[in-house]
file structure-v9.cif (mmCIF, C-alpha atoms and all ligand atoms)
data_target
loop_
_atom_site.label_atom_id
_atom_site.label_comp_id
_atom_site.auth_asym_id
_atom_site.auth_seq_id
_atom_site.Cartn_x
_atom_site.Cartn_y
_atom_site.Cartn_z
CA MET T 26 -67.30 -91.94 -26.16
CA ALA T 27 -68.59 -95.13 -24.54
CA ALA T 28 -67.93 -98.38 -26.41
CA THR T 29 -70.70 -100.12 -28.31
CA LEU T 30 -71.82 -103.25 -26.48
CA LEU T 31 -71.17 -106.61 -28.10
CA ASP T 32 -74.64 -107.76 -27.10
CA GLY T 33 -74.38 -111.54 -27.01
CA ALA T 34 -77.88 -111.97 -25.60
CA ALA T 35 -79.43 -110.14 -28.56
CA VAL T 36 -77.26 -111.89 -31.16
CA ALA T 37 -78.04 -115.28 -29.57
CA ARG T 38 -81.75 -114.56 -30.05
CA GLU T 39 -81.10 -113.95 -33.76
CA VAL T 40 -79.19 -117.23 -33.94
CA TYR T 41 -82.12 -119.07 -32.29
CA SER T 42 -84.55 -117.64 -34.78
CA GLN T 43 -82.42 -118.94 -37.69
CA LEU T 44 -81.89 -122.29 -35.97
CA GLY T 45 -85.64 -122.62 -35.33
CA GLN T 46 -86.22 -122.52 -39.10
CA ARG T 47 -83.58 -125.20 -39.71
CA VAL T 48 -85.16 -127.36 -36.99
CA GLN T 49 -88.58 -127.04 -38.67
CA THR T 50 -87.08 -128.24 -41.96
CA LEU T 51 -85.49 -131.21 -40.19
CA VAL T 52 -88.68 -132.10 -38.33
CA ALA T 53 -90.60 -131.99 -41.63
CA ALA T 54 -88.06 -134.52 -42.94
CA GLY T 55 -88.67 -136.77 -39.92
CA VAL T 56 -85.61 -135.84 -37.84
CA ARG T 57 -85.99 -133.91 -34.59
CA PRO T 58 -82.55 -132.76 -33.39
CA GLY T 59 -81.76 -134.11 -29.93
CA LEU T 60 -79.22 -133.04 -27.31
CA ALA T 61 -78.25 -135.10 -24.25
CA ALA T 62 -76.50 -133.29 -21.41
CA ILE T 63 -74.59 -135.28 -18.81
CA GLN T 64 -73.93 -133.78 -15.41
CA VAL T 65 -71.77 -135.56 -12.85
CA GLY T 66 -72.38 -134.27 -9.33
CA ASN T 67 -74.24 -131.05 -8.65
CA HIS T 68 -71.77 -128.22 -9.15
CA ALA T 69 -74.07 -125.17 -8.79
CA ALA T 70 -72.76 -123.25 -11.84
CA SER T 71 -72.98 -126.40 -14.00
CA THR T 72 -76.63 -126.82 -13.06
CA ILE T 73 -77.31 -123.24 -14.20
CA TYR T 74 -75.42 -123.74 -17.49
CA ILE T 75 -77.28 -126.98 -18.25
CA ARG T 76 -80.63 -125.32 -17.52
CA ARG T 77 -79.77 -122.54 -19.98
CA LYS T 78 -78.93 -125.06 -22.67
CA VAL T 79 -82.16 -127.01 -22.06
CA LYS T 80 -84.15 -123.75 -22.24
CA ALA T 81 -82.41 -122.85 -25.51
CA CYS T 82 -83.33 -126.28 -26.88
CA ALA T 83 -86.98 -125.68 -25.99
CA GLU T 84 -86.89 -122.28 -27.72
CA THR T 85 -85.58 -123.74 -30.96
CA GLY T 86 -87.58 -127.00 -30.99
CA VAL T 87 -84.59 -129.21 -30.19
CA TYR T 88 -85.34 -132.25 -27.99
CA SER T 89 -83.20 -132.39 -24.84
CA GLU T 90 -82.61 -134.72 -21.93
CA ILE T 91 -80.40 -134.54 -18.86
CA HIS T 92 -78.47 -137.48 -17.44
CA GLN T 93 -77.64 -136.78 -13.83
CA LEU T 94 -74.93 -138.97 -12.30
CA GLU T 95 -73.70 -139.06 -8.70
CA SER T 96 -70.39 -137.24 -8.11
CA ASP T 97 -68.81 -140.44 -6.74
CA CYS T 98 -70.01 -142.68 -9.55
CA PRO T 99 -67.33 -144.91 -11.07
CA GLU T 100 -65.83 -143.97 -14.42
CA SER T 101 -67.44 -147.09 -15.92
CA THR T 102 -70.92 -145.65 -15.20
CA LEU T 103 -70.09 -142.42 -17.00
CA LEU T 104 -68.53 -144.30 -19.95
CA ALA T 105 -71.58 -146.60 -20.16
CA THR T 106 -73.89 -143.55 -20.25
CA ILE T 107 -71.84 -142.00 -23.05
CA ASP T 108 -71.75 -145.29 -24.95
CA LYS T 109 -75.55 -145.63 -24.76
CA LEU T 110 -75.99 -142.08 -26.07
CA ASN T 111 -73.40 -142.65 -28.82
CA HIS T 112 -75.73 -145.38 -30.16
CA HIS T 113 -79.02 -143.53 -29.53
CA ARG T 114 -80.54 -142.62 -32.91
CA GLY T 115 -82.62 -139.74 -31.51
CA ILE T 116 -79.62 -138.02 -29.89
CA HIS T 117 -77.40 -136.02 -32.24
CA GLY T 118 -75.37 -134.07 -29.71
CA ILE T 119 -73.80 -135.15 -26.41
CA LEU T 120 -72.69 -132.56 -23.92
CA LEU T 121 -70.55 -133.51 -20.94
CA GLN T 122 -70.80 -130.58 -18.57
CA LEU T 123 -67.44 -129.54 -17.11
CA PRO T 124 -65.87 -129.43 -14.62
CA LEU T 125 -66.01 -133.11 -13.71
CA PRO T 126 -65.23 -134.18 -10.14
CA GLN T 127 -61.48 -134.46 -9.48
CA HIS T 128 -61.21 -138.25 -9.86
CA PHE T 129 -62.19 -138.09 -13.56
CA ASP T 130 -59.74 -137.38 -16.37
CA ALA T 131 -62.06 -135.06 -18.34
CA GLY T 132 -59.77 -134.80 -21.37
CA ARG T 133 -59.61 -138.57 -21.77
CA ILE T 134 -63.33 -139.15 -21.14
CA MET T 135 -64.20 -136.59 -23.81
CA GLN T 136 -62.55 -138.95 -26.31
CA SER T 137 -65.28 -141.54 -25.72
CA ILE T 138 -67.96 -139.21 -27.13
CA ALA T 139 -68.65 -140.10 -30.78
CA VAL T 140 -66.91 -137.55 -33.02
CA GLU T 141 -70.13 -136.87 -34.94
CA LYS T 142 -72.01 -136.11 -31.68
CA ASP T 143 -69.23 -134.06 -30.04
CA VAL T 144 -71.11 -130.75 -30.06
CA ASP T 145 -68.66 -129.26 -27.54
CA GLY T 146 -65.84 -129.78 -30.05
CA PHE T 147 -63.45 -131.10 -27.37
CA ASN T 148 -62.81 -134.51 -28.90
CA TRP T 149 -59.19 -134.55 -30.07
CA GLN T 150 -60.27 -135.49 -33.58
CA ASN T 151 -62.40 -132.36 -33.79
CA LEU T 152 -59.65 -130.22 -32.21
CA GLY T 153 -57.16 -131.74 -34.67
CA ALA T 154 -59.46 -130.91 -37.58
CA LEU T 155 -59.43 -127.29 -36.38
CA VAL T 156 -55.61 -127.30 -36.21
CA ALA T 157 -55.51 -128.75 -39.73
CA GLY T 158 -57.70 -125.93 -41.03
CA ARG T 159 -60.62 -128.28 -41.72
CA PRO T 160 -62.96 -127.46 -38.82
CA ARG T 161 -65.97 -129.68 -38.08
CA PHE T 162 -67.36 -129.15 -34.59
CA THR T 163 -65.44 -126.32 -32.97
CA PRO T 164 -65.48 -125.38 -29.26
CA CYS T 165 -68.55 -123.31 -28.54
CA THR T 166 -67.08 -120.32 -26.67
CA PRO T 167 -64.58 -119.28 -29.37
CA SER T 168 -67.14 -120.09 -32.10
CA GLY T 169 -69.60 -117.84 -30.34
CA ILE T 170 -66.99 -115.06 -30.13
CA ILE T 171 -66.30 -115.31 -33.88
CA ALA T 172 -70.06 -115.18 -34.56
CA LEU T 173 -70.36 -112.12 -32.30
CA LEU T 174 -67.46 -110.31 -34.00
CA GLU T 175 -68.89 -111.12 -37.43
CA ARG T 176 -72.33 -109.86 -36.43
CA TYR T 177 -70.78 -106.51 -35.46
CA GLU T 178 -68.73 -106.52 -38.69
CA VAL T 179 -65.38 -106.50 -36.93
CA ARG T 180 -62.69 -107.00 -39.55
CA ILE T 181 -60.35 -109.80 -38.46
CA GLU T 182 -58.06 -110.22 -41.48
CA GLY T 183 -54.80 -108.33 -41.14
CA ARG T 184 -55.52 -107.16 -37.58
CA ASN T 185 -53.48 -107.75 -34.44
CA ALA T 186 -55.40 -110.13 -32.21
CA VAL T 187 -54.32 -110.97 -28.68
CA VAL T 188 -55.78 -113.84 -26.70
CA VAL T 189 -55.15 -113.86 -22.95
CA GLY T 190 -55.37 -117.50 -21.83
CA ARG T 191 -54.34 -120.73 -23.51
CA SER T 192 -56.84 -123.32 -22.28
CA THR T 193 -57.90 -126.13 -24.61
CA GLU T 194 -61.53 -125.05 -24.22
CA VAL T 195 -61.16 -121.33 -24.95
CA GLY T 196 -57.75 -119.73 -25.52
CA LYS T 197 -56.09 -122.21 -27.89
CA PRO T 198 -59.08 -122.80 -30.20
CA MET T 199 -59.77 -119.04 -30.16
CA ALA T 200 -56.24 -118.38 -31.40
CA LEU T 201 -56.63 -121.02 -34.12
CA MET T 202 -59.91 -119.53 -35.33
CA LEU T 203 -58.37 -116.05 -35.49
CA ILE T 204 -55.31 -117.42 -37.34
CA ALA T 205 -57.66 -119.13 -39.81
CA ARG T 206 -59.18 -115.71 -40.49
CA SER T 207 -55.73 -114.20 -41.15
CA ALA T 208 -55.30 -112.18 -37.97
CA THR T 209 -51.79 -111.88 -36.52
CA VAL T 210 -52.25 -113.61 -33.19
CA SER T 211 -50.40 -113.47 -29.86
CA VAL T 212 -51.41 -115.83 -27.06
CA CYS T 213 -50.60 -114.87 -23.47
CA ASN T 214 -50.49 -117.03 -20.36
CA SER T 215 -49.80 -116.66 -16.64
CA LYS T 216 -46.04 -116.57 -17.29
CA THR T 217 -46.24 -113.73 -19.84
CA ARG T 218 -43.77 -111.13 -18.53
CA ASP T 219 -45.42 -107.89 -19.58
CA LEU T 220 -49.08 -108.50 -20.38
CA ARG T 221 -49.69 -104.84 -21.15
CA GLN T 222 -47.05 -104.90 -23.90
CA PHE T 223 -49.30 -107.38 -25.76
CA THR T 224 -52.78 -106.17 -24.87
CA SER T 225 -51.94 -102.60 -25.85
CA ILE T 226 -51.24 -103.56 -29.48
CA ALA T 227 -54.43 -105.59 -29.87
CA ASP T 228 -57.02 -104.46 -32.39
CA ILE T 229 -59.01 -107.45 -31.16
CA LEU T 230 -58.47 -108.45 -27.54
CA VAL T 231 -59.99 -111.65 -26.15
CA VAL T 232 -59.49 -112.11 -22.41
CA ALA T 233 -60.08 -115.61 -21.03
CA ALA T 234 -57.99 -115.87 -17.88
CA GLY T 235 -60.55 -116.19 -15.09
CA ARG T 236 -58.88 -113.32 -13.19
CA PRO T 237 -61.22 -110.50 -12.08
CA LEU T 238 -60.29 -107.11 -13.52
CA LEU T 239 -57.00 -108.38 -14.99
CA VAL T 240 -57.26 -105.98 -17.93
CA THR T 241 -57.66 -102.30 -17.15
CA ALA T 242 -58.32 -99.33 -19.42
CA ASP T 243 -54.63 -98.35 -19.66
CA MET T 244 -53.85 -101.80 -21.18
CA ILE T 245 -56.27 -101.38 -24.09
CA LYS T 246 -55.52 -99.85 -27.49
CA PRO T 247 -57.95 -96.99 -28.19
CA GLY T 248 -60.65 -98.21 -30.55
CA ALA T 249 -60.01 -101.92 -29.94
CA ALA T 250 -62.74 -104.58 -29.94
CA VAL T 251 -62.56 -106.22 -26.51
CA VAL T 252 -64.17 -109.56 -25.73
CA ASP T 253 -64.37 -110.46 -22.05
CA VAL T 254 -64.78 -114.21 -21.57
CA GLY T 255 -64.12 -114.37 -17.84
CA ILE T 256 -66.82 -115.19 -15.35
CA ASN T 257 -65.70 -114.44 -11.81
CA ARG T 258 -67.70 -114.28 -8.61
CA LEU T 259 -66.52 -111.52 -6.28
CA PRO T 260 -66.57 -111.94 -2.46
CA ASP T 261 -69.75 -109.81 -2.31
CA GLY T 262 -71.51 -112.25 -4.67
CA ARG T 263 -71.41 -110.05 -7.78
CA VAL T 264 -70.29 -111.55 -11.07
CA CYS T 265 -67.63 -109.77 -13.11
CA GLY T 266 -65.42 -110.46 -16.07
CA ASP T 267 -61.65 -110.27 -16.53
CA VAL T 268 -61.85 -106.71 -17.88
CA ASP T 269 -62.56 -103.52 -15.94
CA PHE T 270 -65.81 -102.82 -17.79
CA ALA T 271 -66.30 -99.17 -16.74
CA GLY T 272 -62.76 -98.14 -17.64
CA ALA T 273 -62.53 -100.23 -20.80
CA SER T 274 -65.78 -98.83 -22.16
CA GLN T 275 -64.10 -95.40 -22.32
CA VAL T 276 -61.25 -96.70 -24.50
CA ALA T 277 -62.54 -99.62 -26.57
CA SER T 278 -64.84 -99.16 -29.57
CA LEU T 279 -66.62 -102.47 -28.92
CA LEU T 280 -66.87 -104.32 -25.61
CA SER T 281 -68.70 -107.44 -24.45
CA PRO T 282 -70.44 -107.23 -21.07
CA VAL T 283 -70.38 -109.89 -18.35
CA PRO T 284 -73.00 -111.25 -18.08
CA GLY T 285 -74.79 -110.96 -21.43
CA GLY T 286 -71.82 -111.09 -23.80
CA VAL T 287 -69.97 -114.33 -24.51
CA GLY T 288 -72.09 -116.59 -22.26
CA PRO T 289 -75.30 -116.50 -24.35
CA MET T 290 -73.26 -117.00 -27.54
CA THR T 291 -71.61 -120.11 -26.07
CA VAL T 292 -75.03 -121.64 -25.40
CA ALA T 293 -76.25 -120.68 -28.88
CA MET T 294 -73.29 -122.46 -30.47
CA VAL T 295 -74.06 -125.69 -28.56
CA ILE T 296 -77.52 -125.65 -30.10
CA ALA T 297 -76.11 -124.69 -33.52
CA ASN T 298 -73.71 -127.64 -33.41
CA THR T 299 -76.56 -129.97 -32.39
CA VAL T 300 -78.67 -128.81 -35.33
CA SER T 301 -75.68 -129.26 -37.69
CA ALA T 302 -75.13 -132.78 -36.29
CA ALA T 303 -78.80 -133.60 -36.93
CA GLU T 304 -78.52 -132.23 -40.48
CA HIS T 305 -75.53 -134.50 -41.15
CA HIS T 306 -77.51 -137.42 -39.73
CA ALA T 307 -80.49 -136.59 -41.97
CA GLN T 308 -78.26 -136.31 -45.06
CA ALA T 309 -76.57 -139.63 -44.29
CA ARG T 310 -79.98 -141.27 -43.82
CA ALA T 311 -81.24 -139.91 -47.14
CA ALA T 312 -78.12 -141.00 -49.07
P1 LIG T 401 -58.51 -121.92 -17.48
O1 LIG T 401 -58.51 -123.29 -18.04
O2 LIG T 401 -58.31 -121.71 -16.02
O3 LIG T 401 -57.39 -121.09 -18.27
C1 LIG T 401 -57.05 -119.79 -17.89
C2 LIG T 401 -55.90 -119.33 -18.74
O4 LIG T 401 -55.60 -118.00 -18.38
C3 LIG T 401 -54.63 -120.15 -18.57
O5 LIG T 401 -54.04 -120.41 -19.81
C4 LIG T 401 -53.74 -119.25 -17.71
O6 LIG T 401 -52.36 -119.38 -17.97
C5 LIG T 401 -54.20 -117.88 -18.17
N1 LIG T 401 -53.93 -116.86 -17.15
C6 LIG T 401 -54.24 -116.89 -15.84
N2 LIG T 401 -53.80 -115.79 -15.23
C7 LIG T 401 -53.20 -115.04 -16.17
C8 LIG T 401 -52.53 -113.80 -16.15
N3 LIG T 401 -52.37 -113.10 -15.01
N4 LIG T 401 -52.01 -113.31 -17.30
C9 LIG T 401 -52.15 -114.02 -18.45
N5 LIG T 401 -52.78 -115.21 -18.53
C10 LIG T 401 -53.30 -115.72 -17.40
O7 LIG T 401 -59.84 -121.15 -17.83
P2 LIG T 401 -60.81 -121.23 -19.14
O8 LIG T 401 -61.62 -122.47 -19.09
O9 LIG T 401 -60.03 -120.91 -20.35
O10 LIG T 401 -61.79 -120.01 -18.79
C11 LIG T 401 -61.31 -118.71 -18.61
C12 LIG T 401 -62.40 -117.85 -18.03
O11 LIG T 401 -63.48 -117.82 -18.95
C13 LIG T 401 -63.00 -118.37 -16.72
O12 LIG T 401 -63.38 -117.25 -15.94
C14 LIG T 401 -64.23 -119.12 -17.16
O13 LIG T 401 -65.23 -119.18 -16.16
C15 LIG T 401 -64.67 -118.28 -18.32
N6 LIG T 401 -65.46 -119.00 -19.33
C16 LIG T 401 -66.56 -118.39 -19.79
C17 LIG T 401 -67.31 -119.00 -20.78
C18 LIG T 401 -68.54 -118.31 -21.28
O14 LIG T 401 -69.32 -118.93 -22.00
N7 LIG T 401 -68.71 -117.03 -21.00
C19 LIG T 401 -66.95 -120.24 -21.29
C20 LIG T 401 -65.77 -120.82 -20.81
C21 LIG T 401 -65.02 -120.19 -19.83
P3 LIG T 401 -51.54 -120.73 -17.66
O15 LIG T 401 -51.89 -121.66 -18.79
O16 LIG T 401 -50.13 -120.31 -17.69
O17 LIG T 401 -52.01 -121.23 -16.34
#

call {"tool": "encode", "arguments": {"input": "structure-v9.cif", "output": "structure tokens"}}
result
Amino acid sequence: MAATLLDGAAVAREVYSQLGQRVQTLVAAGVRPGLAAIQVGNHAASTIYIRRKVKACAETGVYSEIHQLESDCPESTLLATIDKLNHHRGIHGILLQLPLPQHFDAGRIMQSIAVEKDVDGFNWQNLGALVAGRPRFTPCTPSGIIALLERYEVRIEGRNAVVVGRSTEVGKPMALMLIARSATVSVCNSKTRDLRQFTSIADILVVAAGRPLLVTADMIKPGAAVVDVGINRLPDGRVCGDVDFAGASQVASLLSPVPGGVGPMTVAMVIANTVSAAEHHAQARAA
């Protein structure tokens, strides 16, 4: 039987509808949530991702603005832009679109974004809070995956979860969020000797390697929930994930498509974090 789709696009629409109500409450209290996106250079995929986030803001009533910087701008220009937004009362979330051009140290620059406006959750204070089991803003892709699994009532506690990939943006925080929900978690990387040995025991398999068709049907436990994070462009221009979708759908019970799975949920979580940031701001103002 074919797997049920983990339909991120549909779940994201539900999230927007709930967020829209929270935005209305905030606006009635005199606070319109605001998101500022910073793009350095004009990486084509980044432009698409920023447009999606701006569109999602419009759908939910969140104010948004884009700060476009030249790819060869000095670091001081980027830091000055961030500093201005850190102090801007109408901006509650700051998004620095990655990747940055090579000459920037993205990890370090992320630290200059005010912790309370770090809606990407990449500031080390927010990542540390996640490690400590006291999450504040958490990275949007793994948050979106948790929201997707919860929406489809996938039990996490007590299950074997395997995360393929250990990046700071996806794999590591994903593992931490699954650990926090009492899954038994394995994290694989490019040096893992026998990937199949791990993937085949996964009740929940999250693949975030950026390697087209890395995971095939024979590597999946029958009945598993499989989340494909990868976005890969094939030589013929088609986009595919890290999982062989056609094969996996015959083995898994739940499977996220690419596109339309994790991507829309990531965007929804950026907006959710912005609304939460605005709510904190409104509470602090009222206190
Ligand atoms: P990344 O920083 O390049 O990390 C990739 C990870 O995968 C690394 O930890 C790497 O191991 C591991 N890996 C690579 N080949 C492997 C293999 N053969 N077996 C096991 N592990 C392997 O990428 P990322 O930022 O985490 O993103 C991963 C993918 O998700 C990309 O395709 C990206 O475009 C996509 N993505 C999608 C969304 C979305 O919203 N849908 C959001 C973010 C990212 P090492 O550490 O050993 O190198």

call {"tool": "closest_residue", "arguments": {"input": "structure-v9.cif", "among": "T:Ala70, T:Ile63, T:Cys213, T:Met199", "to": "Asn257 of chain T", "atoms": "all atoms listed in the file"}}
result
T:Ala70

call {"tool": "residues_near_ligand", "arguments": {"input": "structure-v9.cif", "ligand": "ligand LIG 401 (chain T)", "cutoff": "7 Å", "atoms": "only C-alpha atoms and all ligand atoms", "output": "list in words"}}
result
Thr166, Val189, Gly190, Arg191, Ser192, Glu194, Val195, Gly196, Cys213, Asn214, Ser215, Lys216, Thr217, Leu220, Ala233, Ala234, Gly235, Arg236, Leu239, Val254, Gly255, Ile256, Asn257, Val287, Gly288, Pro289 and Thr291 of chain T

call {"tool": "write_last_selection", "arguments": {"input": "structure-v9.cif", "atoms": "C-alpha atoms", "output": "mmCIF file, keeping the file's coordinate frame"}}
result
data_model
loop_
_atom_site.group_PDB
_atom_site.id
_atom_site.type_symbol
_atom_site.label_atom_id
_atom_site.label_comp_id
_atom_site.auth_asym_id
_atom_site.auth_seq_id
_atom_site.Cartn_x
_atom_site.Cartn_y
_atom_site.Cartn_z
ATOM 1 C CA THR T 166 -67.080 -120.320 -26.670
ATOM 2 C CA VAL T 189 -55.150 -113.860 -22.950
ATOM 3 C CA GLY T 190 -55.370 -117.500 -21.830
ATOM 4 C CA ARG T 191 -54.340 -120.730 -23.510
ATOM 5 C CA SER T 192 -56.840 -123.320 -22.280
ATOM 6 C CA GLU T 194 -61.530 -125.050 -24.220
ATOM 7 C CA VAL T 195 -61.160 -121.330 -24.950
ATOM 8 C CA GLY T 196 -57.750 -119.730 -25.520
ATOM 9 C CA CYS T 213 -50.600 -114.870 -23.470
ATOM 10 C CA ASN T 214 -50.490 -117.030 -20.360
ATOM 11 C CA SER T 215 -49.800 -116.660 -16.640
ATOM 12 C CA LYS T 216 -46.040 -116.570 -17.290
ATOM 13 C CA THR T 217 -46.240 -113.730 -19.840
ATOM 14 C CA LEU T 220 -49.080 -108.500 -20.380
ATOM 15 C CA ALA T 233 -60.080 -115.610 -21.030
ATOM 16 C CA ALA T 234 -57.990 -115.870 -17.880
ATOM 17 C CA GLY T 235 -60.550 -116.190 -15.090
ATOM 18 C CA ARG T 236 -58.880 -113.320 -13.190
ATOM 19 C CA LEU T 239 -57.000 -108.380 -14.990
ATOM 20 C CA VAL T 254 -64.780 -114.210 -21.570
ATOM 21 C CA GLY T 255 -64.120 -114.370 -17.840
ATOM 22 C CA ILE T 256 -66.820 -115.190 -15.350
ATOM 23 C CA ASN T 257 -65.700 -114.440 -11.810
ATOM 24 C CA VAL T 287 -69.970 -114.330 -24.510
ATOM 25 C CA GLY T 288 -72.090 -116.590 -22.260
ATOM 26 C CA PRO T 289 -75.300 -116.500 -24.350
ATOM 27 C CA THR T 291 -71.610 -120.110 -26.070
#

call {"tool": "closest_residue", "arguments": {"input": "structure-v9.cif", "among": "T:Ala131, T:Ser42, T:Cys82, T:Val144", "to": "Ala302 of chain T", "atoms": "only C-alpha atoms"}}
result
T:Val144

call {"tool": "residues_around", "arguments": {"input": "structure-v9.cif", "residues": "Gly146 of chain T", "least_positions_apart": "5", "cutoff": "6 Å", "atoms": "all atoms listed in the file", "output": "JSON, numbers by chain"}}
result
{"T": [151, 162, 163, 164]}

call {"tool": "write_last_selection", "arguments": {"input": "structure-v9.cif", "atoms": "C-alpha atoms", "output": "compact mmCIF listing (two decimals), in the frame of the given file"}}
result
# COMPACT_ATOMS: atom_id res chain seq x y z
CA ASN T 151 -62.40 -132.36 -33.79
CA PHE T 162 -67.36 -129.15 -34.59
CA THR T 163 -65.44 -126.32 -32.97
CA PRO T 164 -65.48 -125.38 -29.26

call {"tool": "closest_residue", "arguments": {"input": "structure-v9.cif", "among": "T:Ala293, T:Ile181, T:Asp145, T:Asn298", "to": "Ala249 of chain T", "atoms": "all atoms listed in the file"}}
result
T:Ile181

call {"tool": "atom_distance", "arguments": {"input": "structure-v9.cif", "atom1": "atom CA of Leu103 of chain T", "atom2": "atom CA of Glu84 of chain T"}}
result
28.3 Å

call {"tool": "atom_distance", "arguments": {"input": "structure-v9.cif", "atom1": "atom CA of Ala227 of chain T", "atom2": "atom CA of Cys265 of chain T"}}
result
21.7 Å

call {"tool": "residues_around", "arguments": {"input": "structure-v9.cif", "residues": "Leu125 of chain T", "least_positions_apart": "6", "cutoff": "9 Å", "atoms": "all atoms listed in the file", "output": "list of chain:residue names"}}
result
T:Gln64, T:Val65, T:Gly66, T:His68, T:Ser96, T:Ala131

call {"tool": "atom_distance", "arguments": {"input": "structure-v9.cif", "atom1": "atom CA of Thr299 of chain T", "atom2": "atom CA of Glu39 of chain T"}}
result
16.7 Å

call {"tool": "closest_residue", "arguments": {"input": "structure-v9.cif", "among": "T:Asn67, T:Glu141, T:Asp228, T:Arg180", "to": "Pro126 of chain T", "atoms": "all atoms listed in the file"}}
result
T:Asn67

call {"tool": "closest_residue", "arguments": {"input": "structure-v9.cif", "among": "T:Val156, T:Leu230, T:Arg218, T:Leu238", "to": "Leu201 of chain T", "atoms": "only C-alpha atoms"}}
result
T:Val156

call {"tool": "closest_residue", "arguments": {"input": "structure-v9.cif", "among": "T:Pro237, T:Gly132, T:Gly286, T:Gly118", "to": "Arg263 of chain T", "atoms": "only C-alpha atoms"}}
result
T:Pro237

call {"tool": "residues_around", "arguments": {"input": "structure-v9.cif", "residues": "Val56 of chain T", "least_positions_apart": "5", "cutoff": "10 Å", "atoms": "only C-alpha atoms", "output": "ChimeraX atom specification"}}
result
/T:48-51,114-115,117,303-304,306-307,310

call {"tool": "residues_around", "arguments": {"input": "structure-v9.cif", "residues": "Leu203 of chain T", "least_positions_apart": "4", "cutoff": "10 Å", "atoms": "all atoms listed in the file", "output": "PyMOL selection string"}}
result
chain T and resi 167+171+181-182+184-188+198-199+207-210+229

call {"tool": "residues_near_point", "arguments": {"input": "structure-v9.cif", "point": "(-62.5, -106.2, -27.4)", "cutoff": "8 Å", "atoms": "all atoms listed in the file", "output": "list in words"}}
result
Asp228, Ile229, Leu230, Val231, Ala249, Ala250, Val251, Val252, Asp253, Ala277, Ser278, Leu279, Leu280 and Ser281 of chain T
